[in-house]
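Visitor: Pasting in a structure now, in structure tokens, and then I'll have a few things to ask.
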Amino acid sequence: QYKGKSLAAYKTVMGAAGAAALMEEAIALGGRNFVVFGSCGTLNGSSIDAGGFIVPTAAYRDEGTSYHYMKPSDYVEVETAERTAEILRELELPFTETKTWTTDGLYRETLRNMRNRISEGCKVVDMECSAFMAVAQFRGVKVYQYLYAEDHLDEVQWDPRTLGKVPRSVSGLYLKGALEIALRV
């Protein structure tokens with residue numbers, strides 16, 4: 001229960017395939033609107049502060065799961081990005097809107113691939129967004145997603161910044177954002 005409304009919650013797993021499978025199960029149980037949030041790496045760390053909110057507008061499909069749900073293309077649009085951004089504005093939570101690079105090649109974020117994604121407008125990298133959006137479009141449900149910035153990847157040396165060290169007070173803010181979005185959708 002949150003502010004008089006019944007909401008369901010589950011913790012997903014890291015990676016497109018597992019996260020999509022859990023989402024499929026939640027859909028089979030009746031889920032129609034999903035609010036998803038999680039961490040991401042920055043590809044342009046100087047422009048996104050550690051912990052900053054990000055609303056993905058499109059996701060580069062560098063994982064295998066989304067190709068089982070939609071025809072091949074480089075990107076999948078985040079159809080709910082505008083509404084997610086509108087709600088975060090109402091909540092007075094500052095955020096960055098950008099494309100994200102979804103990859104399941106966690107340790108294969110090579111310099112060449114990173115430069116290509118940055119040149120296409122991706123400021124962050126995640127592991128699930130494109131799969132969530134493909135499943136949502138295929139199943140006719142809605143996914144409202146935001147990310148928060150943790151590590152920084154576009155330097156010669158990896159910078160973990162807040163990775164694994166997000167203070168409880170900040171984690172609570174991420175959860176509150178999700179609950180407030182859920183109330184509005």
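Ligands are numbered from 1 in the order shown, residues from 1 within each chain, and chains are lettered A, B, ... in the order they appear in the structure tokens.
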Could you pull the residues within 7 Å of Asn33 in chain A, counting only C-alpha atoms, minus those fewer than 5 positions along the same chain, as a list in words?
Guide: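 Listed by chain and then number, they are Val141, Lys142 and Val143 of chain A.
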Visitor: Can I get the selection written as a PDB file, in the first residue's frame, with N, CA and C atoms?
Guide:
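Generated file (part.pdb):
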ATOM      1  N   VAL A 141       2.135  -3.530 -23.109  1.00  0.00           N
ATOM      2  CA  VAL A 141       2.144  -2.956 -21.771  1.00  0.00           C
ATOM      3  C   VAL A 141       3.022  -1.704 -21.792  1.00  0.00           C
ATOM      4  N   LYS A 142       3.063  -0.996 -20.698  1.00  0.00           N
ATOM      5  CA  LYS A 142       3.862   0.230 -20.607  1.00  0.00           C
ATOM      6  C   LYS A 142       4.972   0.058 -19.583  1.00  0.00           C
ATOM      7  N   VAL A 143       6.152   0.559 -19.935  1.00  0.00           N
ATOM      8  CA  VAL A 143       7.290   0.588 -19.016  1.00  0.00           C
ATOM      9  C   VAL A 143       7.761   2.031 -18.908  1.00  0.00           C
TER      10      VAL A 143
END
Visitor: From the list A:Glu109, A:Glu82, A:Glu128, A:Glu90, which residue is nearest Ala21 in chain A when using only C-alpha atoms?
Guide: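 The answer is A:Glu128, which sits nearest to Ala21 in chain A.
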Visitor: List as number ranges by chain the protein and nucleic acid residues near Ala131 in chain A, meaning an atom at most 12 Å away when only C-alpha atoms are counted, but skip any in the same chain fewer than 2 places from it.
Guide: A: 14-24, 58-70, 75-78, 101-104, 126-129, 133-138, 143, 145
Visitor: Counting only C-alpha atoms, what is within 12 Å of Phe95 in chain A, bar same-chain residues fewer than 4 positions away, as a list in words?
Guide: Ser47, Ile48, Asp49, Ala50, Gly51, Gly52, Phe53, Ile54, Val55, Pro56, Ala81, Thr84, Ala85, Glu86, Ile87, Leu88, Arg89, Glu90, Leu91, Tyr146, Leu147, Tyr148, Ala149, Tyr174 and Gly177 of chain A
Visitor: Which residues come within 8 Å of Asp154 in chain A, counting only C-alpha atoms, excluding same-chain residues fewer than 5 positions away, as a ChimeraX atom specification?
Guide: /A:42-45,111,114
Visitor: For the selection just defined, write its residues with C-alpha atoms to a file, as a short mmCIF file (atom, residue, chain, number, x, y, z; two decimals), in the first residue's frame.
Guide:
data_model
loop_
_atom_site.label_atom_id
_atom_site.label_comp_id
_atom_site.auth_asym_id
_atom_site.auth_seq_id
_atom_site.Cartn_x
_atom_site.Cartn_y
_atom_site.Cartn_z
CA THR A 42 28.00 7.32 -17.72
CA LEU A 43 29.69 7.80 -21.05
CA ASN A 44 30.00 11.50 -20.54
CA GLY A 45 30.59 11.69 -16.81
CA LEU A 111 36.66 2.17 -26.78
CA MET A 114 31.85 3.56 -26.75
#
Visitor: For Thr96 in chain A, which residue among A:Asn116, A:Lys123, A:Arg108, A:Gln1 is the nearest when counting only C-alpha atoms?
Guide: A:Lys123
Visitor: Could you pull out all residues of range 38-88 of chain A with a DSSP call of strand (DSSP E or B) and give them as a JSON list (two decimals) with N, CA and C atoms, in the first residue's frame?
Guide:
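Resulting contents of result-v6.json:
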[["chain", "number", "residue", "atom", "x", "y", "z"],
["A", 38, "GLY", "N", 17.09, 1.76, -12.07],
["A", 38, "GLY", "CA", 18.33, 1.08, -11.73],
["A", 38, "GLY", "C", 19.51, 1.91, -12.14],
["A", 39, "SER", "N", 20.68, 1.44, -11.81],
["A", 39, "SER", "CA", 21.89, 2.20, -12.07],
["A", 39, "SER", "C", 22.37, 2.03, -13.51],
["A", 40, "CYS", "N", 23.22, 2.96, -13.90],
["A", 40, "CYS", "CA", 23.84, 2.88, -15.22],
["A", 40, "CYS", "C", 25.22, 3.51, -15.12],
["A", 41, "GLY", "N", 26.02, 3.28, -16.13],
["A", 41, "GLY", "CA", 27.32, 3.92, -16.23],
["A", 41, "GLY", "C", 27.20, 5.14, -17.12],
["A", 42, "THR", "N", 28.03, 6.12, -16.87],
["A", 42, "THR", "CA", 28.00, 7.32, -17.72],
["A", 42, "THR", "C", 29.08, 7.23, -18.79],
["A", 53, "PHE", "N", 19.58, 11.53, -11.89],
["A", 53, "PHE", "CA", 18.50, 10.83, -12.59],
["A", 53, "PHE", "C", 18.66, 10.98, -14.10],
["A", 54, "ILE", "N", 18.34, 9.91, -14.82],
["A", 54, "ILE", "CA", 18.38, 9.91, -16.29],
["A", 54, "ILE", "C", 17.09, 9.30, -16.80],
["A", 55, "VAL", "N", 16.48, 9.96, -17.78],
["A", 55, "VAL", "CA", 15.31, 9.39, -18.46],
["A", 55, "VAL", "C", 15.79, 8.97, -19.85],
["A", 56, "PRO", "N", 15.82, 7.66, -20.11],
["A", 56, "PRO", "CA", 16.23, 7.21, -21.44],
["A", 56, "PRO", "C", 15.13, 7.50, -22.46],
["A", 57, "THR", "N", 15.54, 8.01, -23.62],
["A", 57, "THR", "CA", 14.59, 8.33, -24.69],
["A", 57, "THR", "C", 14.59, 7.27, -25.78],
["A", 58, "ALA", "N", 15.70, 6.57, -25.92],
["A", 58, "ALA", "CA", 15.85, 5.47, -26.88],
["A", 58, "ALA", "C", 17.01, 4.62, -26.37],
["A", 59, "ALA", "N", 16.99, 3.35, -26.76],
["A", 59, "ALA", "CA", 18.04, 2.44, -26.30],
["A", 59, "ALA", "C", 18.68, 1.72, -27.48],
["A", 60, "TYR", "N", 20.00, 1.81, -27.57],
["A", 60, "TYR", "CA", 20.75, 1.07, -28.59],
["A", 60, "TYR", "C", 20.71, -0.40, -28.22],
["A", 61, "ARG", "N", 20.34, -1.23, -29.17],
["A", 61, "ARG", "CA", 20.09, -2.65, -28.92],
["A", 61, "ARG", "C", 21.34, -3.49, -29.12],
["A", 62, "ASP", "N", 22.19, -3.50, -28.12],
["A", 62, "ASP", "CA", 23.43, -4.28, -28.17],
["A", 62, "ASP", "C", 23.33, -5.45, -27.18],
["A", 75, "TYR", "N", 18.01, 0.96, -32.72],
["A", 75, "TYR", "CA", 17.44, 1.53, -31.50],
["A", 75, "TYR", "C", 15.98, 1.11, -31.32],
["A", 76, "VAL", "N", 15.55, 1.13, -30.08],
["A", 76, "VAL", "CA", 14.13, 1.02, -29.74],
["A", 76, "VAL", "C", 13.79, 2.31, -29.00],
["A", 77, "GLU", "N", 12.68, 2.91, -29.37],
["A", 77, "GLU", "CA", 12.24, 4.14, -28.71],
["A", 77, "GLU", "C", 11.65, 3.81, -27.34]]
Visitor: Have a look at A:Ile118, A:Gly140, A:Ser130, A:Val35 and name the one nearest to Ser73 in chain A; count only C-alpha atoms.
Guide: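 Ranking A:Ile118, A:Gly140, A:Ser130, A:Val35 by distance to Ser73 in chain A, first place goes to A:Ser130.
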Visitor: Which residue out of A:Leu173, A:His152, A:Gly4, A:Leu29 has the minimum interatomic distance to Glu92 in chain A when only C-alpha atoms are used?
Guide: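 Residue with the minimum atom-to-atom distance to Glu92 in chain A: A:Leu173.
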Visitor: Could you pull out the residues in range 2-164 of chain A that DSSP calls helix (DSSP H, G or I) from the backbone, as a ChimeraX atom specification?
Guide: /A:16-28,65-68,81-90,111-119,129-139
Visitor: Please report the interatomic distance between CA of Ser119 in chain A and CA of Pro94 in chain A in Å with one decimal.
Guide: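 Atom-to-atom, CA of Ser119 in chain A and CA of Pro94 in chain A are spaced 24.3 Å apart.
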Visitor: Calculated over only C-alpha atoms, which of the candidates A:Thr110, A:Tyr144, A:Leu153, A:Cys122 has the smallest distance to Leu183 in chain A?
Guide: A:Tyr144
Visitor: One number please: CA of Ala182 in chain A to CA of Gly121 in chain A, in Å, one decimal.
Guide: 28.4 Å
Visitor: Which value, in Å to one decimal, gives the distance between CA of Glu180 in chain A and CA of Lys165 in chain A?
Guide: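 Taking CA of Glu180 in chain A as the start and CA of Lys165 in chain A as the end point, the length is 24.1 Å.
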Visitor: Determine the nearest neighbour of Val125 in chain A from the options A:Leu93, A:Val13, A:Ala8, A:Leu106, counting only C-alpha atoms.
Guide: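 Among the listed residues, the smallest separation from Val125 in chain A belongs to A:Leu106.
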